[in-house]
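A short write-up of the structure that comes next.
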Amino acid sequence: MSRPGTATPALALVLLAVTVAGVGAQGAALEDPDYYGQEIWSQEPYYTRPEPEPETFSPPLPAGPGEEWEPRPHEPRAPKRATKPKKAPKREKSAPEPPPPGKNSNKKVMRTKSSEKAANDDHSVRVAHEDVRESCPPLGLETLKITDFQLHASTVKRYGLGAHRGRLNIQAGINENDFYDGAWCAGRNDLQQWIEVDARRLTRFTGVITQGRNSLWLSDWVTSYKVMVSNDSHTWVTVKNGSGDMIFEGNSEKEIPVLNELPIPMVARYIRINPRSWFDNGSICMRMEILGCPLPDPNNYYHRRNEMTTTDDLDFKHHNYKEMRQLMKVVNEMCPNITRIYNIGKSHQGLKLYAVEISDHPGEHEVGEPEFHYIAGAHGNEVLGRELLLLLVQFLCQEYLARNARIVHLVEETRIHILPSLNPDGYEKAYEGVMALRGGWPGWSQTHDLSRIHLTDIGSLLGKFPIHYIAIPEWFSVAAETRAVIAWMEKIPFVLGGNLQGGELVVAYPYDLVRSPWKTQEHTPTPDDHVFRWLAYSYASTHRLMTDARRRVCHTEEFQKEEGTVNGASWHTVAGSLNDFSYLHTNCFELSIYVGCDKYPHESQLPEEWENNRESLIVFMEQVHRGIKGLVRDSHGKGIPNAIISVEGVNHDIRTASDGDYWRLLNPGEYAVTAKAEGFTASTKNCMVGYDMGATRCDFTLSKTNMARIREIMEKFGKQPVSLPARRLKLRGRKRRQRG
């Protein structure tokens, strides 16, 4: 779950895209006189000259290595409209040039808009049934690939509403008047305002995505705008629609992203957005993302040094449900001896919840071998975790076949379970919308949320009762997916787990629910707080960005004080989280791992995100071998199930599995550990945990109590043990009757 997000149903995405037929060369033009930054052009810049034939294309550049785009013949696209368009809430402040006609979709999904009509008297709009034009990926405003220093604006209302806050999907803080507000807002509401992006290299710009201001109280968004490009940030040329400046239709509310594609890709270094109208009674405020393909420049060392590459031969793409199943099947066929595909249940709409088991003996629990799990996709539009787990499955298989010693040891000593998509229904909705946009994003609106696991009020338990194996209430009712996870975790004795989420870069550890019911933020540690801190730090410290003090915050929160980790309740209280459920109801220590600022990154970003998280994913799995482990047996050598393992000074017990084996995560140190079971005499040992990887073996042999032995003997001969107090009363009554 991403905490800043809110759960709303997903609707179908709507496309509205029409290309311009027979666009001629863009000659010299006098720009709008009311815009002070424009200049008179006396000749055509190289990045606006088309080829001689009437085609829609980006002007040619000398071919370079890695160049993928080539001019394509003009084929207009059929517009796709919403079935029930709504009217704007209020009238707009209009600029002298009206926005292009056409109906707008107000559905809460990302929309695509383009010009309805070319300003060319000799040609009318031609409609085609398919789009052959290639779309470029985002430059990286949302993912922070574009730095704050690359964003500039004409004016700003204040620092918290500066150009650096004009990033798509950025979220405002609790106090919207601080340094972390939810958009770029201009200092004045007039036609001379702009926000620009410096790509720092020649880039083929193909589109713009816009949103309004993220705010609980204010309604600010831009309803139309111009787009301009430049090579030196001084001389600008406006994107044309035939012979006139093109006015792009903007937003009709503040949260729905709207995509506008340029009629002709423009090659330049800078791109500028100039608002032309905005919501009535509001201000000029916007968040945005730019679509563009950086042109190859092998001579530029700066860009080559900062480009992230990967040597892993993996399937870097987004996978829908069918493709995910197919990928799992391929991995299983590659590594049949260490993988098994199974499902833990079905979703609300009947899709199976598939998991991949990776172990040297798949399908069986080996005595003394700990169980680990990763879960992702609890929220439909948080897909980065899902794709990272699918990449991890491929990676473990490939490296095991290559006899990578580290991976071979991990697979042979651990039973790993990977559940890539806990919420396939929600993901399918998000995926369909993205495919309709040809690389767009569904935004932060949740597509389908899962019921939380409400057990009890933590505040009433802390310091009063043992914090372990709290029963689930009989009235408990949750979604089918949540019920499946509960049954899964009750069946398998997981020791450690991580649920991957999106929208931030931090590792959150329990408790997630505050101690005081009237507070929204309060540090609420578990009895195993030091262990959880270490587990969280093991992931964050090996991530490429989480502990980087120079890294810009994703939205509003600064997590560097705890080096990329945070107690969940001190960040944002959540009742009934998976982390709290696991700790209070099972043996498993569960953490929430927020793997990226962007919930739904573009496909081109997946290799870099994999490099960011690969080492962390492996290191975190290895932590399952820290602490103590062992067997609890009776005098005959038989394992005792459900025996209780207690650590002196820690108010949290665990229980043995069906074979009598157990694992207890602990930091280095010496501990007094007690094993006890019903009918057996408790046993206590001092167990030493070292700093080297590998759990310390600490076995227990329990003897039966005298009463248990008597019961065993009496049951063997068909009799029950006699209760002495009842026997005495019976004898006294008999004596009274004899006297009388």
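Chain labels run A, B, ... following the order of the structure tokens; each chain numbers its residues from 1, and ligands are numbered from 1 in the order shown.
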
Could you build a table of the residues in stretch 503-609 of chain A lying no more than 12 Å from stretch 155-172 of chain A, giving for each the nearest pair of atoms and their separation in Å rounded to one decimal place, using only C-alpha atoms, ordered by chain and ascending residue number, as CSV?
```
residue,atom,partner,partner_atom,distance
A:Gly503,CA,A:Asn169,CA,9.3
A:Glu504,CA,A:Ile170,CA,10.6
A:Arg552,CA,A:His164,CA,10.2
A:Val553,CA,A:Ile170,CA,10.4
A:Cys554,CA,A:Ile170,CA,7.5
A:His555,CA,A:Gln171,CA,5.5
A:Thr556,CA,A:Ala172,CA,6.7
A:Glu557,CA,A:Ala172,CA,10.0
A:Cys597,CA,A:Ile170,CA,9.1
A:Asp598,CA,A:Asn169,CA,8.4
A:Lys599,CA,A:Asn169,CA,9.5
A:Tyr600,CA,A:Asn169,CA,10.8
A:Pro601,CA,A:Leu168,CA,11.8
```

Using N, CA and C atoms, can you write the selected residues to a file as a PDB file, in the first residue's frame?
```
ATOM      1  N   GLY A 503       5.693   4.178  -4.571  1.00  0.00           N
ATOM      2  CA  GLY A 503       5.366   5.553  -4.241  1.00  0.00           C
ATOM      3  C   GLY A 503       6.344   6.229  -3.304  1.00  0.00           C
ATOM      4  N   GLU A 504       7.309   5.489  -2.765  1.00  0.00           N
ATOM      5  CA  GLU A 504       8.319   6.050  -1.868  1.00  0.00           C
ATOM      6  C   GLU A 504       9.586   5.215  -1.964  1.00  0.00           C
ATOM      7  N   ARG A 552      17.056  13.423  -3.682  1.00  0.00           N
ATOM      8  CA  ARG A 552      15.886  14.263  -3.454  1.00  0.00           C
ATOM      9  C   ARG A 552      14.748  13.402  -2.906  1.00  0.00           C
ATOM     10  N   VAL A 553      13.951  13.951  -1.991  1.00  0.00           N
ATOM     11  CA  VAL A 553      12.824  13.197  -1.439  1.00  0.00           C
ATOM     12  C   VAL A 553      11.788  12.976  -2.536  1.00  0.00           C
ATOM     13  N   CYS A 554      11.070  11.846  -2.448  1.00  0.00           N
ATOM     14  CA  CYS A 554      10.062  11.537  -3.465  1.00  0.00           C
ATOM     15  C   CYS A 554       8.931  12.553  -3.449  1.00  0.00           C
ATOM     16  N   HIS A 555       8.394  12.819  -2.266  1.00  0.00           N
ATOM     17  CA  HIS A 555       7.240  13.713  -2.159  1.00  0.00           C
ATOM     18  C   HIS A 555       7.443  14.743  -1.053  1.00  0.00           C
ATOM     19  N   THR A 556       7.296  14.312   0.202  1.00  0.00           N
ATOM     20  CA  THR A 556       7.390  15.264   1.311  1.00  0.00           C
ATOM     21  C   THR A 556       8.241  14.752   2.463  1.00  0.00           C
ATOM     22  N   GLU A 557       8.425  13.447   2.553  1.00  0.00           N
ATOM     23  CA  GLU A 557       9.066  12.863   3.723  1.00  0.00           C
ATOM     24  C   GLU A 557      10.571  12.717   3.538  1.00  0.00           C
ATOM     25  N   CYS A 597       9.934   5.798  -6.199  1.00  0.00           N
ATOM     26  CA  CYS A 597       9.029   6.952  -6.139  1.00  0.00           C
ATOM     27  C   CYS A 597       7.860   6.789  -7.106  1.00  0.00           C
ATOM     28  N   ASP A 598       8.111   6.176  -8.232  1.00  0.00           N
ATOM     29  CA  ASP A 598       7.098   6.015  -9.273  1.00  0.00           C
ATOM     30  C   ASP A 598       6.406   4.671  -9.086  1.00  0.00           C
ATOM     31  N   LYS A 599       5.091   4.698  -8.888  1.00  0.00           N
ATOM     32  CA  LYS A 599       4.350   3.450  -8.691  1.00  0.00           C
ATOM     33  C   LYS A 599       4.311   2.606  -9.958  1.00  0.00           C
ATOM     34  N   TYR A 600       4.192   3.270 -11.099  1.00  0.00           N
ATOM     35  CA  TYR A 600       4.056   2.546 -12.370  1.00  0.00           C
ATOM     36  C   TYR A 600       5.092   3.101 -13.346  1.00  0.00           C
ATOM     37  N   PRO A 601       6.361   2.743 -13.182  1.00  0.00           N
ATOM     38  CA  PRO A 601       7.397   3.305 -14.056  1.00  0.00           C
ATOM     39  C   PRO A 601       7.250   2.816 -15.490  1.00  0.00           C
TER      40      PRO A 601
END
```

### Task
Identify, on the basis of only C-alpha atoms, every residue whose closest approach to A:Ser658 does not exceed 8 Å; exclude the query and any residue fewer than 5 positions from it along the same chain; express the result as number ranges by chain.
A: 639-642

Selection export as a PDB file, in the first residue's frame, atoms kept: C-alpha atoms:
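Final output, saved to selection_15.pdb:
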```pdb
ATOM      1  CA  GLY A 639       9.676 -33.410  17.326  1.00  0.00           C
ATOM      2  CA  ILE A 640       7.171 -31.492  19.443  1.00  0.00           C
ATOM      3  CA  PRO A 641       4.856 -29.240  17.388  1.00  0.00           C
ATOM      4  CA  ASN A 642       3.561 -25.915  18.742  1.00  0.00           C
TER       5      ASN A 642
END
```

### Query
Can you tell me, as a VMD selection string, what residues are no more than 7 Å from A:Gln394 when counting only C-alpha atoms, ignoring any on the same chain fewer than 3 positions away?
chain A and resid 314 331 390 to 391 397 to 398

Could you please take those selected residues and save N, CA and C atoms as a CSV table (one decimal), in the first residue's frame?
```
chain,number,residue,atom,x,y,z
A,314,LEU,N,17.4,-10.5,-18.8
A,314,LEU,CA,16.1,-10.7,-18.2
A,314,LEU,C,15.0,-10.1,-19.1
A,331,VAL,N,10.2,-20.2,-16.7
A,331,VAL,CA,11.2,-20.3,-15.6
A,331,VAL,C,11.1,-21.7,-15.1
A,390,LEU,N,9.2,-10.7,-10.6
A,390,LEU,CA,9.3,-11.5,-11.8
A,390,LEU,C,10.8,-11.6,-12.3
A,391,LEU,N,11.4,-10.4,-12.2
A,391,LEU,CA,12.9,-10.4,-12.6
A,391,LEU,C,13.7,-11.2,-11.6
A,397,CYS,N,16.9,-18.4,-11.1
A,397,CYS,CA,17.0,-19.5,-12.0
A,397,CYS,C,18.3,-19.5,-12.8
A,398,GLN,N,18.5,-18.4,-13.5
A,398,GLN,CA,19.7,-18.3,-14.3
A,398,GLN,C,21.0,-18.4,-13.5
```

### Task
Please provide as a PyMOL selection string all residues within 8 Å of stretch 346-360 of chain A, with the sequence filter that same-chain residues fewer than 2 positions apart are discarded (counting only C-alpha atoms).
chain A and resi 325+328+337-344+362-363+393+411-425+479-481+484

### Query
Hey, what does DSSP flag as helix (DSSP H, G or I) within stretch 562-617 of chain A? Can you give it to me as a list of chain:residue names?
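DSSP-assigned helix (DSSP H, G or I) residues in stretch 562-617 of chain A: A:Glu562, A:Gly568, A:Ala569, A:Ser570, A:Trp571, A:Leu578, A:Asn579, A:Asp580, A:Phe581, A:Ser582, A:Tyr583, A:Leu584, A:His585, A:Glu603, A:Ser604, A:Gln605, A:Leu606, A:Pro607, A:Glu608, A:Glu609, A:Trp610, A:Glu611, A:Asn612, A:Asn613, A:Arg614, A:Glu615, A:Ser616, A:Leu617.
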
Can you spit out the residues from that selection as a compact mmCIF listing (two decimals), in the first residue's frame, using C-alpha atoms?
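Saved to result-v1.txt:
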```
# COMPACT_ATOMS: atom_id res chain seq x y z
CA GLU A 562 17.05 6.67 10.11
CA GLY A 568 5.36 2.58 10.28
CA ALA A 569 3.28 4.21 13.01
CA SER A 570 5.63 7.18 13.28
CA TRP A 571 5.22 7.78 9.54
CA LEU A 578 0.12 -7.15 6.90
CA ASN A 579 3.17 -6.26 9.00
CA ASP A 580 1.18 -6.08 12.23
CA PHE A 581 -0.86 -9.18 11.39
CA SER A 582 2.25 -11.25 10.72
CA TYR A 583 3.91 -10.24 13.97
CA LEU A 584 0.81 -10.61 16.14
CA HIS A 585 -0.62 -13.80 14.64
CA GLU A 603 9.08 -0.01 -19.26
CA SER A 604 12.33 1.70 -20.20
CA GLN A 605 13.00 2.36 -16.50
CA LEU A 606 12.81 -1.30 -15.42
CA PRO A 607 16.52 -2.14 -16.02
CA GLU A 608 17.60 0.76 -13.83
CA GLU A 609 15.05 -0.10 -11.12
CA TRP A 610 16.31 -3.69 -11.18
CA GLU A 611 19.88 -2.51 -10.66
CA ASN A 612 18.70 -0.30 -7.81
CA ASN A 613 17.02 -3.19 -5.98
CA ARG A 614 18.78 -6.40 -7.04
CA GLU A 615 21.40 -6.58 -4.30
CA SER A 616 18.89 -5.50 -1.66
CA LEU A 617 16.44 -8.23 -2.64
```

### Query
Hey, which of A:Lys317, A:Lys561, A:Lys429, A:Arg734 ends up closest to A:Ala549? Count only C-alpha atoms.
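Among A:Lys317, A:Lys561, A:Lys429, A:Arg734, it is A:Lys561 that comes nearest to A:Ala549.
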